[in-house]
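Q: File data.txt follows (compact mmCIF, C-alpha atoms and all ligand atoms):
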# COMPACT_ATOMS: atom_id res chain seq x y z
CA MET T 1 9.71 10.92 22.43
CA PRO T 2 6.27 12.31 21.58
CA ASP T 3 6.21 16.07 21.17
CA LYS T 4 5.28 17.76 24.42
CA GLY T 5 2.66 20.43 24.42
CA ARG T 6 0.68 19.13 21.47
CA ASP T 7 -2.90 19.12 22.59
CA VAL T 8 -4.29 18.14 19.21
CA VAL T 9 -5.42 14.54 18.93
CA ALA T 10 -3.27 12.65 16.43
CA LEU T 11 -5.32 11.68 13.40
CA PRO T 12 -5.66 7.97 12.59
CA VAL T 13 -3.79 6.74 9.54
CA SER T 14 -4.43 4.13 6.85
CA ASP T 15 -1.41 3.09 4.80
CA ALA T 16 -1.87 0.92 1.70
CA HIS T 17 1.65 -0.39 1.11
CA VAL T 18 4.66 -1.48 3.14
CA ASP T 19 7.24 -4.17 2.33
CA VAL T 20 7.71 -5.29 5.93
CA LEU T 21 7.03 -8.96 5.13
CA MET T 22 9.78 -9.04 2.50
CA ARG T 23 12.30 -7.65 4.98
CA MET T 24 11.16 -10.03 7.72
CA LEU T 25 11.69 -12.96 5.35
CA GLU T 26 14.92 -11.83 3.68
CA GLU T 27 16.71 -9.99 6.50
CA LYS T 28 15.19 -11.79 9.48
CA LEU T 29 14.19 -8.46 11.01
CA PRO T 30 11.59 -8.56 13.79
CA PHE T 31 8.27 -6.73 13.52
CA TYR T 32 8.22 -6.56 17.33
CA PRO T 33 11.26 -5.92 19.48
CA GLU T 34 12.81 -9.21 20.60
CA ASP T 35 11.98 -8.71 24.25
CA GLY T 36 8.34 -7.97 23.61
CA THR T 37 8.50 -4.42 24.89
CA GLU T 38 8.05 -1.47 22.63
CA THR T 39 11.28 0.31 21.80
CA PRO T 40 11.23 4.05 22.30
CA VAL T 41 11.02 6.04 19.10
CA ASP T 42 13.52 8.81 18.54
CA SER T 43 11.34 11.09 16.46
CA SER T 44 14.03 13.73 16.34
CA SER T 45 16.25 11.51 14.22
CA ASN T 46 16.39 12.24 10.52
CA VAL T 47 18.34 9.19 9.55
CA LEU T 48 17.16 5.73 8.69
CA GLU T 49 18.11 3.39 11.45
CA ALA T 50 20.24 0.49 10.27
CA GLY T 51 18.91 -2.96 11.01
CA ARG T 52 15.48 -1.70 11.83
CA MET T 53 12.41 -1.59 9.65
CA GLN T 54 10.71 1.70 8.76
CA ALA T 55 7.28 0.33 9.57
CA ASP T 56 7.78 -2.02 12.51
CA PHE T 57 5.10 -2.12 15.17
CA SER T 58 6.57 0.66 17.31
CA PHE T 59 6.85 3.04 14.39
CA LEU T 60 3.34 2.24 13.15
CA ARG T 61 1.95 2.83 16.64
CA ALA T 62 3.87 6.08 17.07
CA GLY T 63 2.46 7.28 13.74
CA ASN T 64 -1.07 6.25 14.79
CA VAL T 65 -1.37 3.89 11.82
CA VAL T 66 -4.52 1.88 12.46
CA THR T 67 -4.92 0.17 9.08
CA GLN T 68 -1.94 -1.25 7.24
CA VAL T 69 -1.81 -3.19 3.99
CA PHE T 70 1.15 -5.60 3.96
CA ALA T 71 2.49 -6.27 0.47
CA LEU T 72 3.48 -9.76 -0.63
CA PHE T 73 6.46 -8.90 -2.82
CA VAL T 74 9.18 -11.26 -4.00
CA SER T 75 11.81 -10.81 -6.69
CA PRO T 76 10.31 -11.20 -10.18
CA HIS T 77 13.63 -12.71 -11.23
CA LEU T 78 12.90 -15.91 -9.31
CA SER T 79 11.11 -18.72 -11.11
CA GLU T 80 7.34 -18.65 -10.75
CA ASP T 81 7.46 -21.72 -8.51
CA SER T 82 10.03 -20.06 -6.24
CA GLN T 83 7.94 -16.90 -6.14
CA LEU T 84 4.95 -18.93 -4.97
CA VAL T 85 7.02 -20.56 -2.22
CA SER T 86 8.38 -17.18 -1.07
CA VAL T 87 4.93 -15.59 -1.06
CA LEU T 88 3.65 -18.45 1.10
CA ARG T 89 6.55 -17.87 3.47
CA GLU T 90 5.72 -14.16 3.63
CA ILE T 91 2.10 -15.01 4.44
CA ASP T 92 3.48 -17.22 7.21
CA CYS T 93 5.59 -14.26 8.46
CA PHE T 94 2.36 -12.25 8.63
CA TYR T 95 0.46 -14.81 10.69
CA GLN T 96 3.42 -15.91 12.83
CA GLY T 97 5.28 -12.67 13.28
CA VAL T 98 2.86 -9.78 12.78
CA VAL T 99 -0.63 -10.87 13.82
CA LYS T 100 -0.77 -10.68 17.59
CA HIS T 101 -3.66 -10.40 20.00
CA GLY T 102 -4.15 -6.85 21.14
CA ARG T 103 -1.76 -5.45 18.51
CA VAL T 104 -2.39 -6.46 14.89
CA ARG T 105 -5.50 -8.24 13.65
CA ALA T 106 -5.67 -10.05 10.32
CA ALA T 107 -8.49 -8.25 8.54
CA ARG T 108 -10.38 -9.98 5.73
CA THR T 109 -13.68 -8.15 5.88
CA ARG T 110 -15.01 -4.70 6.63
CA LYS T 111 -16.16 -6.07 9.98
CA ASP T 112 -12.66 -7.29 10.83
CA VAL T 113 -11.32 -3.80 10.14
CA GLU T 114 -13.95 -2.23 12.39
CA SER T 115 -13.37 -4.80 15.15
CA ALA T 116 -9.63 -4.20 15.06
CA HIS T 117 -10.12 -0.46 15.41
CA ALA T 118 -12.64 -0.89 18.21
CA ALA T 119 -10.15 -3.10 20.08
CA GLY T 120 -7.31 -0.63 19.60
CA GLU T 121 -5.53 -3.00 17.22
CA ILE T 122 -4.00 -2.33 13.82
CA ALA T 123 -6.06 -3.86 11.00
CA GLY T 124 -3.57 -5.76 8.82
CA ILE T 125 -4.51 -6.69 5.25
CA LEU T 126 -2.55 -8.80 2.73
CA SER T 127 -2.08 -7.78 -0.91
CA ILE T 128 -0.02 -9.39 -3.68
CA GLU T 129 2.54 -7.20 -5.48
CA GLY T 130 3.40 -9.02 -8.68
CA ALA T 131 1.20 -12.03 -9.29
CA ALA T 132 3.59 -14.36 -11.11
CA CYS T 133 3.24 -16.46 -7.95
CA LEU T 134 -0.25 -17.43 -9.14
CA LEU T 135 1.24 -19.38 -12.07
CA GLY T 136 -1.70 -18.14 -14.12
CA ASP T 137 -3.89 -20.58 -12.21
CA PRO T 138 -7.28 -19.42 -10.86
CA ALA T 139 -7.07 -22.23 -8.26
CA ILE T 140 -4.00 -20.60 -6.69
CA LEU T 141 -5.76 -17.23 -6.72
CA ARG T 142 -8.67 -18.82 -4.84
CA MET T 143 -6.26 -20.30 -2.29
CA MET T 144 -4.63 -16.89 -1.81
CA TYR T 145 -8.07 -15.49 -1.12
CA ARG T 146 -8.63 -18.18 1.51
CA LEU T 147 -5.30 -17.26 3.10
CA GLY T 148 -6.57 -13.72 3.51
CA VAL T 149 -5.24 -11.95 0.41
CA ARG T 150 -7.59 -9.12 -0.54
CA GLY T 151 -5.67 -7.18 -3.18
CA VAL T 152 -3.77 -8.21 -6.32
CA GLY T 153 -1.25 -6.22 -8.33
CA LEU T 154 -0.73 -8.24 -11.50
CA THR T 155 2.90 -7.25 -12.08
CA TRP T 156 5.90 -5.56 -10.58
CA ASN T 157 7.97 -3.52 -13.10
CA PRO T 158 8.82 -6.24 -15.66
CA ALA T 159 6.40 -8.33 -17.67
CA ASN T 160 5.25 -11.66 -16.31
CA ARG T 161 2.90 -14.41 -17.49
CA LEU T 162 -0.13 -12.23 -16.73
CA ALA T 163 0.68 -8.78 -18.06
CA ASP T 164 3.30 -6.20 -18.98
CA GLY T 165 4.59 -4.04 -16.14
CA CYS T 166 5.50 -0.35 -16.39
CA GLN T 167 9.10 -1.08 -17.42
CA GLU T 168 8.26 -3.48 -20.25
CA PRO T 169 8.81 -1.37 -23.42
CA ARG T 170 6.44 -3.58 -25.45
CA ASP T 171 3.50 -2.31 -23.35
CA GLY T 172 1.37 -5.17 -24.60
CA GLY T 173 -1.28 -5.27 -21.89
CA LEU T 174 -2.79 -8.43 -20.42
CA THR T 175 -2.18 -11.94 -21.68
CA GLU T 176 -4.83 -14.62 -21.92
CA ALA T 177 -3.66 -15.93 -18.51
CA GLY T 178 -3.93 -12.41 -17.09
CA ARG T 179 -7.49 -12.12 -18.36
CA ARG T 180 -8.38 -15.42 -16.67
CA ILE T 181 -6.96 -14.23 -13.36
CA VAL T 182 -8.79 -10.88 -13.61
CA ALA T 183 -12.05 -12.73 -14.28
CA GLU T 184 -11.47 -14.89 -11.20
CA ILE T 185 -10.62 -11.89 -9.00
CA GLY T 186 -13.98 -10.44 -10.06
CA LYS T 187 -15.78 -13.29 -8.30
CA PHE T 188 -14.36 -12.31 -4.90
CA PRO T 189 -14.35 -9.22 -2.69
CA MET T 190 -10.82 -8.30 -3.78
CA TRP T 191 -9.34 -5.23 -5.42
CA ILE T 192 -6.96 -4.94 -8.34
CA ASP T 193 -3.93 -2.71 -7.69
CA LEU T 194 -2.85 -0.65 -10.72
CA ALA T 195 0.55 0.41 -9.30
CA HIS T 196 3.46 -0.97 -11.38
CA LEU T 197 1.29 -1.94 -14.36
CA GLY T 198 2.10 -0.81 -17.88
CA ASP T 199 -0.29 1.68 -19.46
CA GLN T 200 -1.98 -0.84 -21.78
CA SER T 201 -2.31 -3.29 -18.88
CA VAL T 202 -4.08 -0.57 -16.88
CA ARG T 203 -6.45 0.07 -19.79
CA ASP T 204 -7.12 -3.68 -20.11
CA VAL T 205 -7.86 -4.05 -16.39
CA LEU T 206 -10.18 -1.05 -16.45
CA SER T 207 -12.14 -2.48 -19.39
CA LEU T 208 -12.26 -6.08 -18.08
CA HIS T 209 -12.77 -5.57 -14.36
CA ALA T 210 -15.94 -4.02 -12.94
CA GLY T 211 -14.89 -4.63 -9.31
CA PRO T 212 -12.86 -2.43 -6.96
CA ILE T 213 -9.76 -0.74 -8.39
CA MET T 214 -7.03 1.20 -6.66
CA ALA T 215 -3.40 2.17 -7.00
CA SER T 216 -1.71 1.40 -3.70
CA HIS T 217 1.49 3.42 -4.19
CA ALA T 218 1.78 5.73 -7.20
CA ASN T 219 1.84 9.45 -7.91
CA ALA T 220 0.58 11.78 -10.63
CA ARG T 221 2.50 11.58 -13.92
CA SER T 222 1.56 15.08 -15.03
CA VAL T 223 3.22 16.45 -11.86
CA PHE T 224 6.34 14.32 -12.28
CA GLY T 225 6.84 12.30 -15.44
CA HIS T 226 7.76 8.78 -14.40
CA PRO T 227 6.29 5.49 -15.72
CA ARG T 228 5.45 4.47 -12.11
CA ASN T 229 3.11 7.47 -11.88
CA LEU T 230 -0.43 7.53 -13.25
CA PRO T 231 -1.67 9.68 -16.15
CA ASP T 232 -4.61 11.98 -15.51
CA GLU T 233 -7.11 9.87 -17.44
CA VAL T 234 -6.40 6.89 -15.16
CA ILE T 235 -6.66 9.02 -12.00
CA SER T 236 -9.97 10.41 -13.30
CA GLU T 237 -11.22 6.88 -13.99
CA ILE T 238 -10.26 5.78 -10.46
CA ILE T 239 -12.20 8.75 -9.09
CA SER T 240 -15.28 8.21 -11.27
CA ARG T 241 -15.35 4.53 -10.25
CA ARG T 242 -15.04 5.40 -6.56
CA GLY T 243 -11.71 3.60 -6.31
CA TRP T 244 -8.73 4.92 -4.41
CA MET T 245 -5.19 6.10 -5.00
CA GLY T 246 -2.33 6.17 -2.49
CA LEU T 247 0.59 8.57 -2.99
CA VAL T 248 3.98 6.93 -2.48
CA PHE T 249 6.80 8.47 -0.42
CA GLN T 250 9.49 7.54 -2.97
CA SER T 251 11.45 10.68 -3.86
CA PHE T 252 12.30 9.26 -7.30
CA PHE T 253 8.56 9.30 -8.15
CA LEU T 254 7.70 12.54 -6.31
CA SER T 255 10.14 15.01 -7.81
CA GLY T 256 13.29 13.17 -8.83
CA ASP T 257 15.15 15.26 -6.25
CA VAL T 258 16.68 13.16 -3.51
CA PRO T 259 15.51 13.56 -0.90
CA SER T 260 12.24 15.23 -1.77
CA SER T 261 10.15 17.44 0.50
CA PHE T 262 6.62 17.75 1.89
CA GLU T 263 6.08 20.45 -0.74
CA ASP T 264 6.82 17.90 -3.48
CA LEU T 265 4.22 15.60 -1.97
CA ALA T 266 1.76 18.49 -1.80
CA ARG T 267 2.07 19.14 -5.54
CA HIS T 268 0.72 15.63 -6.18
CA ILE T 269 -2.00 16.06 -3.57
CA ASP T 270 -3.07 19.39 -5.10
CA HIS T 271 -3.17 17.89 -8.58
CA VAL T 272 -5.33 14.91 -7.62
CA LEU T 273 -7.61 17.23 -5.62
CA ALA T 274 -7.98 19.40 -8.74
CA LEU T 275 -9.09 16.29 -10.65
CA GLY T 276 -11.83 15.76 -8.05
CA GLY T 277 -10.03 13.28 -5.81
CA GLU T 278 -10.90 14.71 -2.40
CA ASP T 279 -12.68 11.51 -1.35
CA PHE T 280 -10.45 9.01 -3.16
CA LEU T 281 -6.88 9.93 -2.27
CA GLY T 282 -4.55 8.80 0.50
CA PHE T 283 -1.11 7.29 1.09
CA GLY T 284 0.75 4.08 0.38
CA SER T 285 4.15 4.85 1.86
CA ASP T 286 6.20 1.93 0.46
CA PHE T 287 8.19 1.93 3.71
CA ASP T 288 10.72 -0.91 3.74
CA GLY T 289 10.53 -1.09 -0.04
CA GLY T 290 13.93 0.54 -0.48
CA ILE T 291 12.52 4.05 -0.82
CA THR T 292 14.21 7.37 -0.24
CA PRO T 293 11.42 9.28 1.50
CA PRO T 294 10.93 13.05 1.75
CA VAL T 295 12.87 14.77 4.54
CA GLY T 296 10.80 14.36 7.69
CA LEU T 297 9.10 11.12 6.59
CA GLU T 298 11.84 8.64 7.42
CA ASN T 299 9.63 6.02 8.99
CA ALA T 300 6.00 5.35 9.90
CA SER T 301 6.25 7.28 13.18
CA ARG T 302 6.62 10.42 11.06
CA TYR T 303 2.99 10.19 9.99
CA SER T 304 2.43 12.36 13.09
CA THR T 305 4.57 15.09 11.51
CA LEU T 306 2.79 14.70 8.18
CA SER T 307 -0.54 14.83 9.97
CA ASP T 308 0.29 18.16 11.61
CA TRP T 309 1.55 19.52 8.32
CA LEU T 310 -1.56 18.41 6.39
CA CYS T 311 -3.83 19.95 9.04
CA VAL T 312 -2.10 23.31 8.68
CA ARG T 313 -2.11 23.20 4.88
CA TYR T 314 -5.50 21.64 4.14
CA GLY T 315 -7.48 21.86 7.39
CA THR T 316 -8.29 19.02 9.76
CA GLU T 317 -11.27 17.68 7.85
CA LEU T 318 -9.43 17.15 4.57
CA ALA T 319 -6.30 15.95 6.38
CA ARG T 320 -8.39 13.29 8.06
CA LYS T 321 -9.86 12.18 4.74
CA LEU T 322 -6.41 11.87 3.19
CA LEU T 323 -4.84 10.11 6.16
CA PHE T 324 -7.65 7.75 7.06
CA ASP T 325 -11.25 8.16 5.95
CA ASN T 326 -10.84 7.76 2.21
CA PHE T 327 -9.06 4.42 2.37
CA ASP T 328 -11.33 3.25 5.17
CA ASN T 329 -14.33 4.03 2.99
CA PHE T 330 -12.72 2.25 0.04
CA LEU T 331 -12.27 -0.84 2.23
CA GLY T 332 -15.91 -0.54 3.23
CA ARG T 333 -16.92 -0.59 -0.45
CA SER T 334 -14.51 -3.39 -1.36
CA LEU T 335 -14.33 -5.89 1.50
CA ARG T 336 -17.82 -7.18 1.76
CA GLU T 337 -18.34 -10.36 3.77
CA SER T 338 -16.72 -13.45 2.30
CA PRO T 339 -18.75 -15.40 -0.25
ZN ZN V 401 6.08 -1.35 -5.30
Output the file's structure as structure tokens, nothing else.

A:
Amino acid sequence: MPDKGRDVVALPVSDAHVDVLMRMLEEKLPFYPEDGTETPVDSSSNVLEAGRMQADFSFLRAGNVVTQVFALFVSPHLSEDSQLVSVLREIDCFYQGVVKHGRVRAARTRKDVESAHAAGEIAGILSIEGAACLLGDPAILRMMYRLGVRGVGLTWNPANRLADGCQEPRDGGLTEAGRRIVAEIGKFPMWIDLAHLGDQSVRDVLSLHAGPIMASHANARSVFGHPRNLPDEVISEIISRRGWMGLVFQSFFLSGDVPSSFEDLARHIDHVLALGGEDFLGFGSDFDGGITPPVGLENASRYSTLSDWLCVRYGTELARKLLFDNFDNFLGRSLRESP
């Protein structure tokens, strides 16, 4: 139940990465409770609830999440054709099982995001995580855009036809097909997501792409050395280009200690703030992506706990920037009206 006696207004939250659609497709889990009523949230529980998603509608609502990016992730070990089919099915899950009048609105433009918020709905945005599903074909990228996709991460951890991911030892950067896709993305109001890319691929994207860049779910490598985390020069480039970076609640990337703590998260926040990231930092939880979150952040409802904690540590104004404003402003810069 909600904490009694809290007279502070819960801050709104933007979250740039959950894997809800993958779990809906693979495990047949519902985004809404079967009976259409909202299940009560036991916010005193520290354990992950079996058979329930970490970012279903009730948890998002309880955490006051008002903007949510839904990742389109499928196993990179499938054939490209199968990945395309699965991504299309996940997009169908979004429109059939998530988008619902009065609850979640499919947001394609800045105006859609504003309208959703004004109506008390969650603004839901689609983003590709691992773009092997595009088959290197700009035509498929354009169709994804028409289906509402507004962000593209070129790879997951391994290499694919487009680029080398962060676990490809060759670290060879973008391929010719990857360069073609990046050029096509540049024609649309879409962002490129740097999370999961190999270091040379990140450098290639930064030199080829003048449009919006962000890292939806990654931490600072100089705080904790892991290939999924970003080096300082990339974080600085994101900041100087007015992009955005979302810290991920995966303990293995926060501190390596399992589970991690709010203090571990704060070390990454402090570091990015020291690099000048006050207006370009936020969160991409990776809920439902198989993460082991910090103690106290077991599901999206716990954003209310994080919110209180951030307010105490950083003050309400900065807490609000980190939880909501910065990503909202990034969307404002990135999602202009459709061409
Ligand atoms: Zn991921």

Q: At most 12 Å from (-9.7, -1.5, 13.8), file frame, all atoms listed in the file: which residues, as an MDAnalysis selection string?

A: chainID T and resid 12:14 64:68 102:125 324 328 331

Q: List every residue of chain T that has an atom at most 10 Å from any atom of ligand ZN 401 (chain V), giving for each one its closest atom pair and the distance in Å to one decimal, counting all atoms listed in the file, sorted by chain and then by ascending residue number, as CSV.

A:
residue,atom,partner,partner_atom,distance
T:His17,CA,V:ZN401,ZN,7.9
T:Val18,CA,V:ZN401,ZN,8.6
T:Asp19,CA,V:ZN401,ZN,8.2
T:Ala71,CA,V:ZN401,ZN,8.4
T:Leu72,CA,V:ZN401,ZN,10.0
T:Phe73,CA,V:ZN401,ZN,8.0
T:Glu129,CA,V:ZN401,ZN,6.8
T:Gly130,CA,V:ZN401,ZN,8.8
T:Gly153,CA,V:ZN401,ZN,9.3
T:Thr155,CA,V:ZN401,ZN,9.5
T:Trp156,CA,V:ZN401,ZN,6.8
T:Asn157,CA,V:ZN401,ZN,8.3
T:Ala195,CA,V:ZN401,ZN,7.0
T:His196,CA,V:ZN401,ZN,6.6
T:Ser216,CA,V:ZN401,ZN,8.4
T:His217,CA,V:ZN401,ZN,6.7
T:Ala218,CA,V:ZN401,ZN,8.5
T:Arg228,CA,V:ZN401,ZN,9.0
T:Val248,CA,V:ZN401,ZN,9.0
T:Gln250,CA,V:ZN401,ZN,9.8
T:Gly284,CA,V:ZN401,ZN,9.5
T:Ser285,CA,V:ZN401,ZN,9.7
T:Asp286,CA,V:ZN401,ZN,6.6
T:Phe287,CA,V:ZN401,ZN,9.8
T:Gly289,CA,V:ZN401,ZN,6.9
T:Gly290,CA,V:ZN401,ZN,9.4
T:Ile291,CA,V:ZN401,ZN,9.5

Q: Skip Phe224 (chain T) itself and residues of its chain fewer than 4 positions away, then list as an MDAnalysis selection string all residues within 7 Å of it, counting only C-alpha atoms.

A: chainID T and resid 220 253:255

Q: Could you give me, as number ranges by chain, the residues within 7 Å of Ala163 (chain T), counting only C-alpha atoms and dropping anything in the same chain fewer than 4 positions from it?

A: T: 154-155, 159, 173-175, 178, 201

Q: Report, in Å to a single decimal, how far apart CA of Asn229 (chain T) and CA of Leu197 (chain T) are.

A: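 These atoms are spaced 9.9 Å apart.
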
Q: Could you jot down the CA of Gly51 (chain T) to CA of Ser301 (chain T) separation for me, Å, one decimal place?

A: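 These atoms are spaced 16.4 Å apart.
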
Q: Neighbouring residues of region 266-277 of chain T were defined as those with any atom within 12 Å, considering all atoms listed in the file; residues of the same chain fewer than 3 positions away were excluded. Please report them as an MDAnalysis selection string.

A: chainID T and resid 218:225 229:249 253:255 260:263 280:283 294 306 309:310 313:314 318:319 321:323 326

Q: Quick one: residues within 12 Å of Gly211 (chain T), all atoms listed in the file, excluding same-chain residues fewer than 5 positions away - as a list in words?

A: Gly151, Val182, Ala183, Glu184, Ile185, Gly186, Lys187, Phe188, Pro189, Met190, Trp191, Ile192, Asp193, Val205, Leu206, Ile238, Arg241, Arg242, Gly243, Phe330, Arg333, Ser334, Leu335 and Arg336 of chain T

Q: With the input short on atoms, add N, CA and C atoms back to region 248-267 of chain T and write it as a PDB file, keeping the file's coordinate frame.

A:
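And here's selection.pdb as it stands now:
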ATOM      1  N   VAL T 248       2.839   7.680  -3.003  1.00  0.00           N
ATOM      2  CA  VAL T 248       3.980   6.930  -2.480  1.00  0.00           C
ATOM      3  C   VAL T 248       5.088   7.893  -2.076  1.00  0.00           C
ATOM      4  N   PHE T 249       5.761   7.578  -0.972  1.00  0.00           N
ATOM      5  CA  PHE T 249       6.800   8.470  -0.420  1.00  0.00           C
ATOM      6  C   PHE T 249       8.172   8.233  -1.064  1.00  0.00           C
ATOM      7  N   GLN T 250       8.205   7.779  -2.290  1.00  0.00           N
ATOM      8  CA  GLN T 250       9.490   7.540  -2.970  1.00  0.00           C
ATOM      9  C   GLN T 250       9.897   8.820  -3.697  1.00  0.00           C
ATOM     10  N   SER T 251      11.011   9.408  -3.262  1.00  0.00           N
ATOM     11  CA  SER T 251      11.450  10.680  -3.860  1.00  0.00           C
ATOM     12  C   SER T 251      11.629  10.580  -5.368  1.00  0.00           C
ATOM     13  N   PHE T 252      12.071   9.421  -5.864  1.00  0.00           N
ATOM     14  CA  PHE T 252      12.300   9.260  -7.300  1.00  0.00           C
ATOM     15  C   PHE T 252      11.000   9.380  -8.104  1.00  0.00           C
ATOM     16  N   PHE T 253       9.847   9.172  -7.455  1.00  0.00           N
ATOM     17  CA  PHE T 253       8.560   9.300  -8.150  1.00  0.00           C
ATOM     18  C   PHE T 253       7.847  10.614  -7.775  1.00  0.00           C
ATOM     19  N   LEU T 254       8.348  11.296  -6.737  1.00  0.00           N
ATOM     20  CA  LEU T 254       7.700  12.540  -6.310  1.00  0.00           C
ATOM     21  C   LEU T 254       8.226  13.737  -7.102  1.00  0.00           C
ATOM     22  N   SER T 255       9.554  13.830  -7.165  1.00  0.00           N
ATOM     23  CA  SER T 255      10.140  15.010  -7.810  1.00  0.00           C
ATOM     24  C   SER T 255      11.436  14.673  -8.542  1.00  0.00           C
ATOM     25  N   GLY T 256      11.983  13.510  -8.264  1.00  0.00           N
ATOM     26  CA  GLY T 256      13.290  13.170  -8.830  1.00  0.00           C
ATOM     27  C   GLY T 256      14.430  13.747  -8.004  1.00  0.00           C
ATOM     28  N   ASP T 257      14.121  14.735  -7.158  1.00  0.00           N
ATOM     29  CA  ASP T 257      15.150  15.260  -6.250  1.00  0.00           C
ATOM     30  C   ASP T 257      15.258  14.314  -5.059  1.00  0.00           C
ATOM     31  N   VAL T 258      16.483  14.066  -4.644  1.00  0.00           N
ATOM     32  CA  VAL T 258      16.680  13.160  -3.510  1.00  0.00           C
ATOM     33  C   VAL T 258      17.439  13.858  -2.402  1.00  0.00           C
ATOM     34  N   PRO T 259      16.902  13.955  -1.190  1.00  0.00           N
ATOM     35  CA  PRO T 259      15.510  13.560  -0.900  1.00  0.00           C
ATOM     36  C   PRO T 259      14.538  14.652  -1.329  1.00  0.00           C
ATOM     37  N   SER T 260      13.288  14.267  -1.426  1.00  0.00           N
ATOM     38  CA  SER T 260      12.240  15.230  -1.770  1.00  0.00           C
ATOM     39  C   SER T 260      11.729  15.893  -0.492  1.00  0.00           C
ATOM     40  N   SER T 261      10.662  16.680  -0.639  1.00  0.00           N
ATOM     41  CA  SER T 261      10.150  17.440   0.500  1.00  0.00           C
ATOM     42  C   SER T 261       8.630  17.272   0.614  1.00  0.00           C
ATOM     43  N   PHE T 262       8.085  17.745   1.731  1.00  0.00           N
ATOM     44  CA  PHE T 262       6.620  17.750   1.890  1.00  0.00           C
ATOM     45  C   PHE T 262       5.961  18.568   0.770  1.00  0.00           C
ATOM     46  N   GLU T 263       6.638  19.625   0.340  1.00  0.00           N
ATOM     47  CA  GLU T 263       6.080  20.450  -0.740  1.00  0.00           C
ATOM     48  C   GLU T 263       5.937  19.642  -2.035  1.00  0.00           C
ATOM     49  N   ASP T 264       6.914  18.762  -2.294  1.00  0.00           N
ATOM     50  CA  ASP T 264       6.820  17.900  -3.480  1.00  0.00           C
ATOM     51  C   ASP T 264       5.600  16.987  -3.378  1.00  0.00           C
ATOM     52  N   LEU T 265       5.394  16.449  -2.196  1.00  0.00           N
ATOM     53  CA  LEU T 265       4.220  15.600  -1.970  1.00  0.00           C
ATOM     54  C   LEU T 265       2.937  16.408  -2.183  1.00  0.00           C
ATOM     55  N   ALA T 266       2.955  17.641  -1.698  1.00  0.00           N
ATOM     56  CA  ALA T 266       1.760  18.490  -1.800  1.00  0.00           C
ATOM     57  C   ALA T 266       1.396  18.790  -3.245  1.00  0.00           C
ATOM     58  N   ARG T 267       2.393  18.888  -4.123  1.00  0.00           N
ATOM     59  CA  ARG T 267       2.070  19.140  -5.540  1.00  0.00           C
ATOM     60  C   ARG T 267       1.230  17.996  -6.116  1.00  0.00           C
TER      61      ARG T 267
END
